Amino acid sequence: MKIATFNINGIKARLIALPDWLKQAQPDVVLLQEIKSVDENFPAEVFEDLGYQVHTQGQKSFNGVAILSKLPLEDVTLGLPGTLANGDPDEQARWIEATVIGKTAVRLCGLYLPNGNPVPGPKYDYKLDWMNRLLDRAKDLLNSEEPALMAGDYNIIPQAEDAAHPDKWREDALFRPESRAAYRRILNLGFTEAFRARTAGPGHYSFWDYQAGAWNRNDGIRIDHFLMTPQCADLLRDCQIDADIRGHEKPSDHVPVWVDIDA
DNA sequence: ATGGTAGCGGGGCTA
């Protein structure tokens, strides 16, 4: 089973590039982030025609997540459990879950973790608060002792080797010590980060800024990740980044990351 | 230090 995560930066702007990649890469399931569309305006028929069922958690203009699947899905749920620090509901569309039915059932969580800039400020507070709620959901997934994964745009550069120029990210919310510590707290519960488990070392990125020719200078960062429970990591066969499509016509600033699991 | 680009939506915010 091939499962991908892809921050598409706007579904309307990606109606050429996304179907092109789907036809080439043939993933069974895709977790999308930044659809930047309300549910009613998501062009589901484009993907249904390619054999996918479509589920969205949309929002006007910003954020928004979705699942495309060629395989049967069960128990689709929207929203990361918990509330904002003040007790209000979280109105931002950043979390979708479903169980995909292959040889083995696997619980899939698609996430768009808050960017958090500027630091300090309310957006950074929201990021760290959101990561505390993610920690709680991660504990529950581990306690289930079933194959499960959380994948998406984490907006976290885990280590210096995950940036071409780490020094220019030192004060950024994606690389601040508090952000990375919150990410490690989740990892250290016992999750396997699929790409690092398969490919060690520098030079592998999933995002290149549109500005200042970042792609042409390979000035990238690796911020799109798969975190797997032990029961899911046991099934892991491969994890790759489809970096080449960043150089295609009208690309997203992120590229797809995918895993192949024996499920 | 600054500005550089892209998306949404039709101005300014987000990244």
# chains A, B, ... in the order shown; residues from 1 in each chain; ligands from 1
>>> residues_around(residues="A:Phe207", least_positions_apart="2", cutoff="8 Å", atoms="only C-alpha atoms (C1' of nucleotides)", output="CSV table (one decimal) with N, CA and C atoms, in the first residue's frame")
chain,number,residue,atom,x,y,z
A,205,TYR,N,15.1,17.3,1.1
A,205,TYR,CA,14.2,18.3,1.4
A,205,TYR,C,12.8,18.1,0.8
A,209,ASP,N,11.1,27.4,-0.8
A,209,ASP,CA,10.4,28.7,-0.9
A,209,ASP,C,10.3,29.1,-2.3
A,220,GLY,N,16.6,24.2,0.5
A,220,GLY,CA,15.4,23.6,1.0
A,220,GLY,C,15.4,23.2,2.4
A,221,ILE,N,14.2,22.7,2.9
A,221,ILE,CA,14.1,22.2,4.2
A,221,ILE,C,13.2,20.9,4.2
A,222,ARG,N,13.4,20.1,5.1
A,222,ARG,CA,12.5,18.8,5.2
A,222,ARG,C,11.6,19.0,6.4
A,223,ILE,N,10.3,19.2,6.1
A,223,ILE,CA,9.3,19.5,7.1
A,223,ILE,C,8.0,18.7,7.0
A,253,ASP,N,4.9,24.7,-3.4
A,253,ASP,CA,6.3,24.9,-2.8
A,253,ASP,C,6.7,23.7,-2.0
A,254,HIS,N,5.8,22.8,-1.8
A,254,HIS,CA,6.1,21.5,-1.2
A,254,HIS,C,6.1,20.4,-2.2
A,255,VAL,N,6.7,19.2,-2.0
A,255,VAL,CA,6.6,18.1,-2.9
A,255,VAL,C,6.1,16.9,-2.1
>>> select_by_dssp(residues="stretch 11-206 of chain A", states="helix (DSSP H, G or I)", output="number ranges by chain")
A: 12-14, 17-25, 39-41, 44-48, 122-144, 160-162, 166-169, 177-187, 194-198
>>> interface_residues(of="chain B", to="chain A", cutoff="6 Å", atoms="only C-alpha atoms (C1' of nucleotides)", output="list in words")
DG4, DT5 and DC8 of chain B
>>> residues_around(residues="A:Thr99", least_positions_apart="2", cutoff="7 Å", atoms="only C-alpha atoms (C1' of nucleotides)", output="list of chain:residue names")
A:Leu73, A:Glu74, A:Asp75, A:Ile101, A:Ala105, A:Val106, A:Arg107, A:Leu108
>>> write_last_selection(atoms="C-alpha atoms", output="tab-separated table (two decimals), in the first residue's frame")
chain	number	residue	atom	x	y	z
A	73	LEU	CA	-12.06	3.95	4.21
A	74	GLU	CA	-13.88	3.64	7.53
A	75	ASP	CA	-14.47	5.96	10.47
A	101	ILE	CA	-8.72	-1.17	4.68
A	105	ALA	CA	-6.38	-1.94	8.53
A	106	VAL	CA	-4.26	1.16	9.19
A	107	ARG	CA	-5.38	4.31	11.01
A	108	LEU	CA	-4.28	7.40	9.04
>>> closest_residue(among="A:Gly203, A:Ile8, A:Ala197, A:Trp21", to="B:DA6", atoms="only C-alpha atoms (C1' of nucleotides)")
A:Ile8
>>> select_by_dssp(residues="stretch 87-125 of chain A", states="strand (DSSP E or B)", output="PyMOL selection string")
chain A and resi 95-101+105-112
>>> atom_distance(atom1="atom CA of A:Gly102", atom2="atom CA of A:Ala263")
5.6 Å
>>> closest_residue(among="A:Leu50, A:Ala214, A:Ala148, A:Leu134", to="A:Arg184", atoms="only C-alpha atoms")
A:Leu134
>>> residues_around(residues="A:Gln26", least_positions_apart="2", cutoff="12 Å", atoms="only C-alpha atoms (C1' of nucleotides)", output="list in words")
Met1, Lys2, Ile3, Ala4, Leu18, Pro19, Asp20, Trp21, Leu22, Lys23, Gln24, Asp28, Val29, Val30, Leu50, Gly51, Tyr52, Leu68, Ser69, Lys70, Trp258 and Asp260 of chain A
>>> write_last_selection(atoms="N, CA and C atoms", output="mmCIF file, in the first residue's frame")
data_model
loop_
_atom_site.group_PDB
_atom_site.id
_atom_site.type_symbol
_atom_site.label_atom_id
_atom_site.label_comp_id
_atom_site.auth_asym_id
_atom_site.auth_seq_id
_atom_site.Cartn_x
_atom_site.Cartn_y
_atom_site.Cartn_z
ATOM 1 N N MET A 1 0.850 -1.191 0.000
ATOM 2 C CA MET A 1 0.000 0.000 0.000
ATOM 3 C C MET A 1 0.884 1.239 0.000
ATOM 4 N N LYS A 2 0.630 2.131 -0.960
ATOM 5 C CA LYS A 2 1.423 3.355 -1.077
ATOM 6 C C LYS A 2 0.595 4.528 -0.567
ATOM 7 N N ILE A 3 1.128 5.209 0.451
ATOM 8 C CA ILE A 3 0.445 6.338 1.082
ATOM 9 C C ILE A 3 1.345 7.555 0.968
ATOM 10 N N ALA A 4 0.764 8.678 0.514
ATOM 11 C CA ALA A 4 1.554 9.895 0.325
ATOM 12 C C ALA A 4 0.985 11.037 1.152
ATOM 13 N N LEU A 18 -1.390 18.338 -9.685
ATOM 14 C CA LEU A 18 -1.764 17.231 -8.793
ATOM 15 C C LEU A 18 -2.252 16.000 -9.554
ATOM 16 N N PRO A 19 -3.198 16.129 -10.508
ATOM 17 C CA PRO A 19 -3.560 14.939 -11.292
ATOM 18 C C PRO A 19 -2.371 14.357 -12.056
ATOM 19 N N ASP A 20 -1.503 15.208 -12.585
ATOM 20 C CA ASP A 20 -0.315 14.693 -13.291
ATOM 21 C C ASP A 20 0.515 13.798 -12.377
ATOM 22 N N TRP A 21 0.740 14.276 -11.147
ATOM 23 C CA TRP A 21 1.545 13.486 -10.211
ATOM 24 C C TRP A 21 0.822 12.197 -9.807
ATOM 25 N N LEU A 22 -0.511 12.276 -9.591
ATOM 26 C CA LEU A 22 -1.269 11.073 -9.210
ATOM 27 C C LEU A 22 -1.155 9.989 -10.279
ATOM 28 N N LYS A 23 -1.234 10.406 -11.540
ATOM 29 C CA LYS A 23 -1.167 9.427 -12.636
ATOM 30 C C LYS A 23 0.221 8.797 -12.710
ATOM 31 N N GLN A 24 1.235 9.602 -12.426
ATOM 32 C CA GLN A 24 2.601 9.092 -12.500
ATOM 33 C C GLN A 24 2.953 8.225 -11.293
ATOM 34 N N ASP A 28 -2.050 4.851 -3.441
ATOM 35 C CA ASP A 28 -3.370 4.332 -3.056
ATOM 36 C C ASP A 28 -4.133 5.361 -2.223
ATOM 37 N N VAL A 29 -3.387 6.075 -1.378
ATOM 38 C CA VAL A 29 -4.002 7.067 -0.492
ATOM 39 C C VAL A 29 -3.118 8.312 -0.498
ATOM 40 N N VAL A 30 -3.755 9.497 -0.493
ATOM 41 C CA VAL A 30 -3.011 10.752 -0.410
ATOM 42 C C VAL A 30 -3.624 11.622 0.689
ATOM 43 N N LEU A 50 -10.389 9.716 -11.295
ATOM 44 C CA LEU A 50 -9.118 8.974 -11.269
ATOM 45 C C LEU A 50 -9.188 7.781 -10.313
ATOM 46 N N GLY A 51 -10.364 7.530 -9.738
ATOM 47 C CA GLY A 51 -10.560 6.338 -8.921
ATOM 48 C C GLY A 51 -10.469 6.554 -7.421
ATOM 49 N N TYR A 52 -10.428 7.811 -6.999
ATOM 50 C CA TYR A 52 -10.290 8.111 -5.571
ATOM 51 C C TYR A 52 -11.621 8.538 -4.960
ATOM 52 N N LEU A 68 -7.592 11.488 -0.136
ATOM 53 C CA LEU A 68 -7.993 10.820 -1.374
ATOM 54 C C LEU A 68 -7.623 9.352 -1.214
ATOM 55 N N SER A 69 -8.551 8.442 -1.546
ATOM 56 C CA SER A 69 -8.219 7.021 -1.386
ATOM 57 C C SER A 69 -8.869 6.163 -2.450
ATOM 58 N N LYS A 70 -8.072 5.261 -3.029
ATOM 59 C CA LYS A 70 -8.594 4.246 -3.942
ATOM 60 C C LYS A 70 -9.088 3.034 -3.173
ATOM 61 N N TRP A 258 6.196 9.875 0.311
ATOM 62 C CA TRP A 258 5.331 8.701 0.356
ATOM 63 C C TRP A 258 6.017 7.526 1.045
ATOM 64 N N ASP A 260 5.737 3.111 1.351
ATOM 65 C CA ASP A 260 5.175 1.840 0.909
ATOM 66 C C ASP A 260 5.152 0.937 2.131
#
>>> atom_distance(atom1="atom CA of A:Pro147", atom2="atom CA of A:Thr229")
6.1 Å
>>> atom_distance(atom1="atom CA of A:Ala243", atom2="atom CA of A:Asp224")
12.0 Å
